[in-house]
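Quick look at query03.txt (compact mmCIF, C-alpha atoms):
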# COMPACT_ATOMS: atom_id res chain seq x y z
CA MET A 1 145.83 92.39 105.90
CA THR A 2 146.87 94.53 103.00
CA ASN A 3 148.47 97.92 103.36
CA GLU A 4 146.77 99.19 100.28
CA ILE A 5 143.26 100.43 100.00
CA ASP A 6 141.33 99.90 96.85
CA SER A 7 138.81 102.70 96.97
CA ARG A 8 136.87 101.10 94.19
CA LYS A 9 136.36 97.83 95.99
CA PRO A 10 136.42 97.46 99.77
CA ASP A 11 138.67 94.61 100.81
CA ASP A 12 137.67 91.80 103.12
CA ASP A 13 138.66 93.38 106.41
CA VAL A 14 136.79 96.58 105.56
CA LEU A 15 133.71 94.50 104.75
CA ALA A 16 134.17 92.65 108.04
CA MET A 17 134.38 95.93 109.96
CA ARG A 18 131.32 97.25 108.14
CA GLU A 19 129.39 94.16 109.10
CA LEU A 20 130.46 94.45 112.73
CA LEU A 21 129.38 98.09 112.87
CA ARG A 22 126.10 97.33 111.12
CA ASN A 23 125.33 94.57 113.60
CA ARG A 24 126.01 96.79 116.58
CA PRO A 25 122.60 97.54 118.09
CA ALA A 26 121.87 101.22 118.22
CA PRO A 27 121.32 102.52 121.75
CA GLN A 28 117.89 103.73 122.70
CA GLY A 29 117.33 107.39 122.19
CA ASP A 30 116.89 109.91 119.50
CA SER A 31 119.40 111.30 117.07
CA ALA A 32 119.47 115.06 117.04
CA ILE A 33 119.89 115.48 113.31
CA ALA A 34 116.79 115.79 111.13
CA PRO A 35 116.31 113.37 108.23
CA GLY A 36 116.34 116.29 105.81
CA THR A 37 119.77 117.32 107.08
CA LEU A 38 121.07 113.78 106.60
CA ARG A 39 119.89 113.80 103.02
CA ALA A 40 121.37 117.26 102.49
CA PHE A 41 124.66 115.91 103.83
CA PHE A 42 124.57 113.00 101.40
CA ASP A 43 123.86 115.41 98.54
CA GLY A 44 126.78 117.68 99.51
CA GLU A 45 124.48 120.56 100.30
CA LEU A 46 125.87 121.39 103.74
CA SER A 47 128.67 123.84 104.42
CA ALA A 48 132.09 122.39 105.16
CA GLU A 49 131.64 123.07 108.86
CA GLU A 50 128.16 121.54 109.00
CA ALA A 51 129.30 118.52 107.03
CA GLN A 52 132.22 117.95 109.38
CA THR A 53 129.89 118.17 112.38
CA VAL A 54 127.47 115.65 110.89
CA ALA A 55 130.24 113.27 109.82
CA LEU A 56 131.89 113.25 113.24
CA ALA A 57 128.54 112.90 114.99
CA MET A 58 127.96 109.75 112.97
CA VAL A 59 131.23 108.26 114.23
CA GLU A 60 130.18 108.95 117.81
CA ASP A 61 126.52 107.95 117.59
CA PRO A 62 125.56 104.48 116.29
CA SER A 63 121.91 105.58 116.07
CA LEU A 64 122.84 108.38 113.74
CA ALA A 65 125.09 106.06 111.74
CA GLU A 66 122.13 103.74 111.32
CA ASP A 67 119.94 106.62 110.13
CA MET A 68 122.67 107.61 107.67
CA ARG A 69 122.93 104.07 106.30
CA VAL A 70 119.20 104.11 105.64
CA THR A 71 119.51 107.55 104.06
CA THR A 72 122.36 106.36 101.86
CA ALA A 73 120.52 103.21 100.81
CA LEU A 74 117.41 105.21 99.92
CA ALA A 75 119.39 107.85 98.04
CA ARG A 76 121.11 105.15 96.00
CA ALA A 77 117.80 103.46 95.26
CA GLN A 78 116.29 106.79 94.33
CA ASP A 79 119.09 107.37 91.86
CA GLU A 80 118.19 104.18 90.03
CA PRO A 81 116.08 104.93 86.97
CA SER A 82 113.53 102.34 88.05
CA ALA A 83 112.96 104.21 91.29
CA ARG A 84 111.42 107.21 89.59
CA VAL A 85 107.89 107.53 90.85
CA GLU A 86 105.25 109.07 88.69
CA PRO A 87 102.88 111.61 90.20
CA LEU A 88 100.13 109.84 92.09
CA ALA A 89 97.16 111.21 90.27
CA ARG A 90 96.56 110.21 86.71
CA PRO A 91 93.43 110.39 84.59
CA ALA A 92 91.37 107.23 84.83
CA THR A 93 91.82 106.50 81.15
CA SER A 94 95.57 106.81 81.44
CA ARG A 95 95.54 104.52 84.46
CA PHE A 96 93.52 101.95 82.56
CA VAL A 97 95.91 102.06 79.62
CA TRP A 98 98.96 101.61 81.83
CA THR A 99 97.30 98.77 83.70
CA ALA A 100 96.56 97.05 80.40
CA VAL A 101 100.13 97.62 79.19
CA ALA A 102 101.51 96.26 82.47
CA ALA A 103 99.31 93.17 82.21
CA ILE A 104 100.42 92.51 78.63
CA ALA A 105 104.07 93.04 79.58
CA ALA A 106 103.73 90.68 82.53
CA GLY A 107 102.24 88.08 80.22
CA ILE A 108 105.11 88.43 77.77
CA VAL A 109 107.69 88.13 80.57
CA ALA A 110 105.94 85.06 82.01
CA PHE A 111 105.77 83.48 78.56
CA TRP A 112 109.46 84.23 77.99
CA LEU A 113 110.44 82.80 81.36
CA MET A 114 108.52 79.61 80.67
CA ARG A 115 110.16 79.16 77.30
CA SER A 116 113.67 80.13 78.37
CA PRO A 117 116.13 77.29 78.90
CA ALA A 118 117.57 76.88 82.35
CA PRO A 119 120.75 78.91 82.89
CA THR A 120 123.88 76.80 82.51
CA SER A 121 127.56 77.37 82.30
CA GLU A 122 127.54 76.59 78.62
CA GLY A 123 127.64 79.77 76.61
CA SER A 124 124.85 78.99 74.21
CA ASP A 125 122.37 78.48 77.02
CA GLU A 126 123.35 81.46 79.12
CA ILE A 127 120.79 84.06 79.96
CA ARG A 128 122.14 87.46 79.17
CA ALA A 129 120.76 90.60 80.65
CA GLY A 130 121.36 94.19 81.52
CA GLY A 131 122.03 95.77 78.17
CA GLU A 132 125.38 96.52 76.60
CA THR A 133 126.88 98.44 79.48
CA SER A 134 126.10 95.94 82.19
CA GLN A 135 125.64 92.59 80.52
CA ILE A 136 125.20 90.16 83.36
CA VAL A 137 125.22 86.45 82.65
CA ALA A 138 123.87 83.81 85.01
CA ILE A 139 126.17 80.82 85.44
CA VAL A 140 124.23 78.15 87.23
CA PRO A 141 124.82 74.54 86.20
CA GLU A 142 121.53 73.26 87.55
CA LYS A 143 122.52 69.61 87.28
CA GLU A 144 125.20 70.24 89.90
CA LEU A 145 122.96 72.10 92.31
CA THR A 146 122.11 70.44 95.59
CA ARG A 147 120.43 71.84 98.65
CA ASP A 148 123.77 71.80 100.45
CA ALA A 149 125.58 73.42 97.55
CA PHE A 150 123.05 75.79 96.04
CA ASP A 151 125.58 78.05 94.37
CA LEU A 152 124.48 80.97 92.24
CA ALA A 153 127.15 82.54 90.06
CA TRP A 154 127.25 85.16 87.39
CA SER A 155 129.62 87.05 85.16
CA GLY A 156 129.64 90.41 83.47
CA GLY A 157 128.52 93.69 84.93
CA PRO A 158 130.88 96.49 85.92
CA GLU A 159 134.41 95.77 87.04
CA GLU A 160 135.41 96.33 90.65
CA ALA A 161 131.83 96.02 91.79
CA THR A 162 130.17 94.88 94.97
CA TRP A 163 127.02 92.82 94.65
CA ASP A 164 123.68 92.45 96.34
CA VAL A 165 121.87 89.18 95.70
CA HIS A 166 118.14 88.58 96.12
CA VAL A 167 116.43 85.22 95.82
CA THR A 168 112.65 84.98 95.95
CA THR A 169 109.85 82.58 95.20
CA GLU A 170 107.70 83.18 92.17
CA GLU A 171 105.30 84.94 94.51
CA LEU A 172 108.22 87.28 95.36
CA LYS A 173 108.55 86.01 98.92
CA VAL A 174 112.15 86.59 99.97
CA VAL A 175 114.11 83.36 100.38
CA PHE A 176 117.63 84.72 100.74
CA GLN A 177 119.49 88.00 100.48
CA ALA A 178 123.16 88.88 100.61
CA PHE A 179 124.70 92.31 100.45
CA ASP A 180 128.07 93.81 99.50
CA GLN A 181 129.44 90.58 98.08
CA THR A 182 132.84 90.99 96.48
CA GLU A 183 132.75 87.76 94.51
CA SER A 184 130.43 86.97 91.63
CA ARG A 185 128.95 83.97 93.32
CA VAL A 186 127.07 83.18 96.46
CA ARG A 187 125.94 80.02 98.23
CA VAL A 188 122.34 80.00 99.40
CA PRO A 189 122.31 78.22 102.76
CA ALA A 190 120.37 74.98 102.87
CA GLY A 191 118.28 76.39 105.69
CA ALA A 192 116.87 79.02 103.36
CA LEU A 193 115.45 76.28 101.15
CA VAL A 194 113.66 74.42 103.91
CA GLY A 195 109.96 74.24 103.16
CA LEU A 196 110.41 74.67 99.43
CA GLU A 197 109.41 71.76 97.25
CA SER A 198 111.90 70.20 94.88
CA GLY A 199 111.26 71.52 91.41
CA ALA A 200 109.78 74.79 92.63
CA THR A 201 111.00 77.79 90.67
CA LEU A 202 112.96 80.50 92.40
CA LEU A 203 113.85 83.85 90.90
CA TRP A 204 117.17 85.47 91.62
CA ARG A 205 118.77 88.70 90.59
CA VAL A 206 121.92 90.63 91.39
CA THR A 207 122.57 94.34 91.72
CA ALA A 208 126.07 95.68 91.19
CA THR A 209 127.43 98.86 92.72
CA ASP A 210 130.37 100.11 90.71
CA ALA A 211 133.33 102.25 91.74
CA ARG A 212 131.44 105.46 91.05
CA GLY A 213 128.41 104.43 93.05
CA GLY A 214 126.44 103.52 89.95
CA HIS A 215 124.02 100.61 90.10
CA PHE A 216 123.40 97.89 87.55
CA ARG A 217 120.63 95.40 88.09
CA SER A 218 120.06 92.14 86.30
CA PRO A 219 116.60 90.88 85.55
CA ALA A 220 115.29 87.88 87.46
CA PHE A 221 116.89 84.55 86.55
CA PRO A 222 114.81 81.43 87.19
CA VAL A 223 116.34 78.43 88.93
CA GLN A 224 114.76 75.21 90.18
CA VAL A 225 114.96 74.02 93.77
CA PRO A 226 116.88 70.69 93.73
CA MET B 1 99.28 121.20 90.21
CA VAL B 2 98.46 117.54 90.43
CA LYS B 3 95.57 116.36 92.50
CA ALA B 4 96.01 113.18 94.46
CA ASP B 5 93.52 110.51 95.33
CA PRO B 6 95.12 108.68 98.25
CA ALA B 7 92.23 106.25 98.64
CA ARG B 8 93.17 104.67 95.40
CA ASP B 9 95.36 101.58 95.38
CA ASP B 10 98.22 103.21 93.54
CA PRO B 11 101.11 100.95 92.49
CA ASP B 12 103.63 103.69 93.28
CA PHE B 13 103.27 102.81 96.94
CA GLY B 14 104.29 99.26 96.14
CA ARG B 15 107.51 100.50 94.59
CA ILE B 16 108.23 102.80 97.51
CA ARG B 17 107.49 100.00 99.96
CA ALA B 18 109.89 97.63 98.21
CA VAL B 19 112.72 100.16 98.21
CA LEU B 20 112.15 101.11 101.84
CA GLU B 21 112.16 97.48 102.94
CA ARG B 22 115.38 96.84 101.12
CA ALA B 23 117.00 99.92 102.64
CA VAL B 24 116.00 98.94 106.18
CA GLN B 25 117.11 95.34 105.70
CA HIS B 26 120.39 96.49 104.22
CA ALA B 27 121.19 99.25 106.66
CA CYS B 28 119.94 98.16 110.06
CA PRO B 29 121.20 95.62 112.59
CA PRO B 30 119.48 92.23 112.57
CA ASP B 31 116.97 93.06 115.29
CA LEU B 32 115.56 95.99 113.32
CA ALA B 33 116.14 94.46 109.90
CA GLY B 34 113.91 91.60 111.01
CA GLN B 35 111.16 94.15 111.53
CA ALA B 36 111.65 95.82 108.16
CA GLU B 37 108.22 94.91 106.86
CA ASP B 38 106.53 96.24 109.97
CA ILE B 39 108.62 99.42 110.06
CA VAL B 40 107.90 100.14 106.43
CA GLN B 41 104.20 99.40 106.87
CA HIS B 42 104.03 102.12 109.54
CA ALA B 43 105.93 104.49 107.29
CA ILE B 44 103.60 103.80 104.37
CA VAL B 45 100.56 104.39 106.57
CA ARG B 46 102.01 107.76 107.51
CA LEU B 47 102.80 108.51 103.90
CA VAL B 48 99.24 107.73 102.84
CA ALA B 49 97.90 109.83 105.71
CA ARG B 50 100.12 112.71 104.63
CA VAL B 51 98.80 112.48 101.11
CA ARG B 52 95.22 112.31 102.39
CA ASP B 53 95.70 115.26 104.74
CA ALA B 54 96.94 117.35 101.86
CA ASP B 55 93.50 116.96 100.28
CA GLY B 56 94.84 116.88 96.80
CA SER B 57 96.36 120.32 97.09
CA LEU B 58 100.01 119.30 96.71
CA ASP B 59 102.05 118.25 93.79
CA PHE B 60 102.99 114.68 94.64
CA GLY B 61 105.91 114.29 92.33
CA SER B 62 108.64 111.76 92.73
CA SER B 63 111.02 113.77 94.90
CA TYR B 64 108.30 114.78 97.35
CA LEU B 65 107.15 111.19 97.85
CA TRP B 66 110.70 109.99 98.42
CA LYS B 67 111.29 112.78 100.91
CA VAL B 68 108.17 111.93 102.90
CA ALA B 69 108.99 108.22 102.74
CA HIS B 70 112.53 108.89 103.98
CA HIS B 71 111.30 110.98 106.91
CA ALA B 72 108.64 108.43 107.80
CA VAL B 73 110.99 105.47 107.90
CA ILE B 74 113.66 107.35 109.91
CA ASP B 75 110.98 108.51 112.36
CA GLU B 76 109.74 104.95 112.72
CA LEU B 77 113.26 103.65 113.36
CA ARG B 78 113.80 106.32 115.99
CA ARG B 79 110.45 105.55 117.60
CA ARG B 80 111.44 101.93 117.96
CA ARG B 81 114.76 102.84 119.51
CA VAL B 82 112.95 104.84 122.17
CA ARG B 83 110.34 102.14 122.75
CA PRO B 84 111.79 98.86 121.57
CA GLU B 85 109.14 96.33 120.64
CA PRO B 86 109.36 92.61 121.36
CA THR B 87 111.18 90.95 118.54
CA SER B 88 112.04 87.50 117.42
CA PRO B 89 115.71 87.33 116.53
CA SER B 90 116.53 87.15 112.87
CA PRO B 91 118.35 84.09 111.55
CA ASP B 92 121.55 86.13 111.40
CA ALA B 93 121.25 87.11 115.05
CA VAL B 94 120.64 83.53 116.10
CA ALA B 95 123.64 82.35 114.13
CA GLY B 96 125.81 84.98 115.77
CA SER B 97 124.73 84.16 119.30
CA ASP B 98 125.23 80.44 118.74
CA ASP B 99 128.97 80.88 118.87
CA PRO B 100 129.93 82.86 121.98
CA GLU B 101 133.58 82.96 120.98
CA VAL B 102 132.77 84.56 117.63
CA ALA B 103 130.40 86.99 119.30
CA LEU B 104 133.00 87.94 121.90
CA THR B 105 135.67 88.46 119.26
CA GLY B 106 133.28 90.67 117.33
CA GLN B 107 132.57 92.74 120.43
CA ARG B 108 136.30 93.14 121.10
CA ILE B 109 137.00 94.29 117.58
CA THR B 110 134.05 96.68 117.63
CA ALA B 111 135.28 98.16 120.91
CA GLY B 112 138.77 98.33 119.43
CA ILE B 113 137.50 100.21 116.39
CA ASP B 114 135.68 102.69 118.64
CA ASP B 115 138.79 103.20 120.75
CA CYS B 116 141.17 103.52 117.81
CA MET B 117 138.91 105.97 115.99
CA GLN B 118 139.32 108.41 118.86
CA GLY B 119 143.03 108.67 118.15
CA ILE B 120 142.63 109.51 114.46
CA SER B 121 142.63 113.13 113.31
CA PRO B 122 139.14 114.62 112.77
CA ASP B 123 139.17 114.77 108.95
CA ARG B 124 140.45 111.24 108.62
CA ARG B 125 138.13 110.01 111.35
CA ALA B 126 135.13 111.56 109.64
CA ALA B 127 136.05 110.16 106.23
CA LEU B 128 136.85 106.73 107.61
CA GLY B 129 133.67 106.68 109.68
CA LEU B 130 131.58 107.31 106.59
CA TYR B 131 133.51 104.68 104.66
CA LEU B 132 132.97 102.10 107.38
CA GLN B 133 129.28 102.96 107.41
CA GLY B 134 129.16 101.86 103.79
CA MET B 135 129.55 105.07 101.82
CA SER B 136 131.80 104.85 98.77
CA VAL B 137 134.72 107.21 98.20
CA PRO B 138 132.81 109.13 95.46
CA GLU B 139 129.85 109.50 97.83
CA ILE B 140 132.14 110.78 100.58
CA ALA B 141 133.70 113.22 98.15
CA ARG B 142 130.24 114.47 97.18
CA ALA B 143 129.02 114.78 100.77
CA ARG B 144 132.13 116.64 101.90
CA ARG B 145 132.47 118.60 98.67
CA TRP B 146 136.03 117.31 98.35
CA ASN B 147 137.64 116.20 95.17
CA ARG B 148 137.92 112.46 94.80
CA LYS B 149 141.65 112.40 95.45
CA ARG B 150 141.29 114.18 98.75
CA ALA B 151 138.48 111.87 99.85
CA GLU B 152 140.54 108.86 98.84
CA ASN B 153 143.58 110.11 100.75
CA GLN B 154 141.59 110.77 103.90
CA VAL B 155 140.01 107.33 103.80
CA TYR B 156 143.33 105.68 102.94
CA ARG B 157 145.24 107.33 105.73
CA GLY B 158 142.46 106.86 108.23
CA LEU B 159 142.22 103.18 107.38
CA ALA B 160 145.98 102.77 107.69
CA ASP B 161 145.84 104.43 111.12
CA LEU B 162 143.00 102.18 112.18
CA ARG B 163 144.71 99.00 111.02
CA LYS B 164 147.92 99.94 112.79
CA CYS B 165 146.05 100.70 116.01
CA LEU B 166 144.02 97.48 115.86
CA LEU B 167 147.15 95.41 115.27
CA SER B 168 148.82 97.08 118.25
CA LYS B 169 145.91 95.77 120.32
CA GLY B 170 146.27 92.32 118.86
CA LEU B 171 143.03 92.69 116.92
CA ARG B 172 142.35 91.79 113.33
CA PRO B 173 138.95 92.06 111.68

How would this structure read if it were set down as structure tokens?
Amino acid sequence: MTNEIDSRKPDDDVLAMRELLRNRPAPQGDSAIAPGTLRAFFDGELSAEEAQTVALAMVEDPSLAEDMRVTTALARAQDEPSARVEPLARPATSRFVWTAVAAIAAGIVAFWLMRSPAPTSEGSDEIRAGGETSQIVAIVPEKELTRDAFDLAWSGGPEEATWDVHVTTEELKVVFQAFDQTESRVRVPAGALVGLESGATLLWRVTATDARGGHFRSPAFPVQVP
Amino acid sequence: MVKADPARDDPDFGRIRAVLERAVQHACPPDLAGQAEDIVQHAIVRLVARVRDADGSLDFGSSYLWKVAHHAVIDELRRRRVRPEPTSPSPDAVAGSDDPEVALTGQRITAGIDDCMQGISPDRRAALGLYLQGMSVPEIARARRWNRKRAENQVYRGLADLRKCLLSKGLRP
């Protein structure tokens, strides 16, 4: 156990304590604090006294802590550029145009995915993504993958980041997820692959949370089930 | 003023649904995380009803939709705490219960954290509590309207207190 805290990157025992607290079932009953107040707390809109009251209440009340975790997760997602939601109503012509654009874009992406070489550890075949500020590179030597050692790895992205990993089928059915990973690799348990045919394509992506709370998301990387 | 047509199959709901599901899966214990899809479905139904009830008279911009979605999913979580529904344990929960020794150790450490937190000064306890709930130091600084250094110090000192207390009980996360 280290005596130093790295505020930019929670160490292993902090992650262990977070997991223990997350897995603690919330008692039945209602939290007294309105969702709007929780969001105002997250946004720093409460007075010092109110904020202290809310913060201490969260320590005492696992239900409220759970509500706050959801609030935090939503606020972070909302801060991502991709989370911006357009107004619901749009002229029919505009809707048609956007639908057509989306269909064309989907076709281009599908075509690109089909033509892209499988990610490998060799530089020339790596799939790069995320733009210049968060270039994330998949490192998956597919020849070495087995169902018992289905290891996904990547490099790039922000330094001192924690990572969320999502693996889905091509139909976007979730196969495996991991959150707050401190290392740039994860092993998908063999049990998660049960029922998937060998050769089936999975899509995986990672999302980094940097020291300032910023998020960087890779696009989906394809990988074959061994 | 933007008029809404809630009967339409608008893809924005798909995006909101995906984010809500991820948030619930990420933030809740396994028993509720396993119900994420169901929880979010209820929230989306309420969101659509809210849009429909407004009869096109509201401006459904991004921030409003997120606010309604946030309220709906928190309300649904709270409803399920009051009236828990039958659940099938998630794979994580099953894995945890398969090893009683691991589960017992986890319970001891959790109880130790609760006990030790009571002995930490209020500012440190509040900062550390937020940190252990998954907030980052910059997020804590923003919420408390502290500068980053102060937030970092409170978390640092609170964590040091907690570690010392846990070790005195023979506990180590």

For this session: Please provide as number ranges by chain all residues within 12 Å of Val54 of chain A, with the sequence filter that same-chain residues fewer than 2 positions apart are discarded (counting all atoms listed in the file).
Result: A: 31-35, 37-42, 44, 46-52, 56-61, 64-65, 67-68; B: 122-123, 126-127, 129-130, 143-144

Exercise. Given the choices B:Arg150, B:Arg15, B:His42, B:Arg50, which gets closest to chain A if the distance is worked out from only C-alpha atoms?
Worked result: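 Among the listed residues, B:Arg15 lies closest to chain A.
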
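Atom pair atom CA of Arg69 of chain A / atom CA of Pro189 of chain A: separated by 26.1 Å.
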
Problem set entry | Spatial neighbours of Pro226 of chain A, 9 Å, all atoms listed in the file, chain gap at least 2 places, as a list in words |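 Counting only the stated atoms, we get Glu142, Lys143, Leu145, Thr146, Arg147, Phe150, Glu197, Ser198, Gly199, Ala200 and Gln224 of chain A.
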
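Proximity of A:Leu196, A:Val223, A:Val175, A:Ile139 to chain B, computed with all atoms listed in the file, is greatest for A:Val175.
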
Exercise. So, counting all atoms listed in the file, which residue among B:Ala33, B:Ala103, B:Leu132, B:Ile44 is closest to chain A?
Worked result: B:Leu132

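Residues with at least one atom no more than 10 Å from (127.4, 95.7, 91.7), using all atoms listed in the file, are Ser134, Gly157, Pro158, Glu159, Glu160, Ala161, Thr162, Trp163, Asp164, Val165, Phe179, Asp180, Gln181, Thr182, Glu183, Ser184, Val206, Thr207, Ala208, Thr209, Asp210, Ala211, Gly213, Gly214, His215, Phe216, Arg217 and Ser218 of chain A.
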
Problem set entry | Test item: residues at most 9 Å from Arg185 of chain A, all atoms listed in the file, excluding those fewer than 5 positions along its chain, as a count of residues only | 6

For this session: Measure the distance from atom CA of Ser121 of chain B to atom CA of Arg148 of chain B in Å and round it to one decimal.
Result: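 Taking atom CA of Ser121 of chain B and atom CA of Arg148 of chain B, their separation equals 19.1 Å.
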
Exercise. Mind pulling up the distance from atom CA of Pro173 of chain B to atom CA of Met17 of chain A?
Worked result: 6.2 Å

Exercise. Which is closer to chain B than all the others in A:Leu202, A:His166, A:Glu144, A:Gly156, using only C-alpha atoms?
Worked result: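 The shortest atom-to-atom distance to chain B comes from A:His166.
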
Once 6 Å is added on each side, what centre and edge lengths in Å to one decimal does the axis-aligned box around all listed atoms of segment 181-191 of chain A have, as JSON?
{"center_x": 125.6, "center_y": 83.0, "center_z": 98.7, "size_x": 26.6, "size_y": 28.0, "size_z": 26.1}
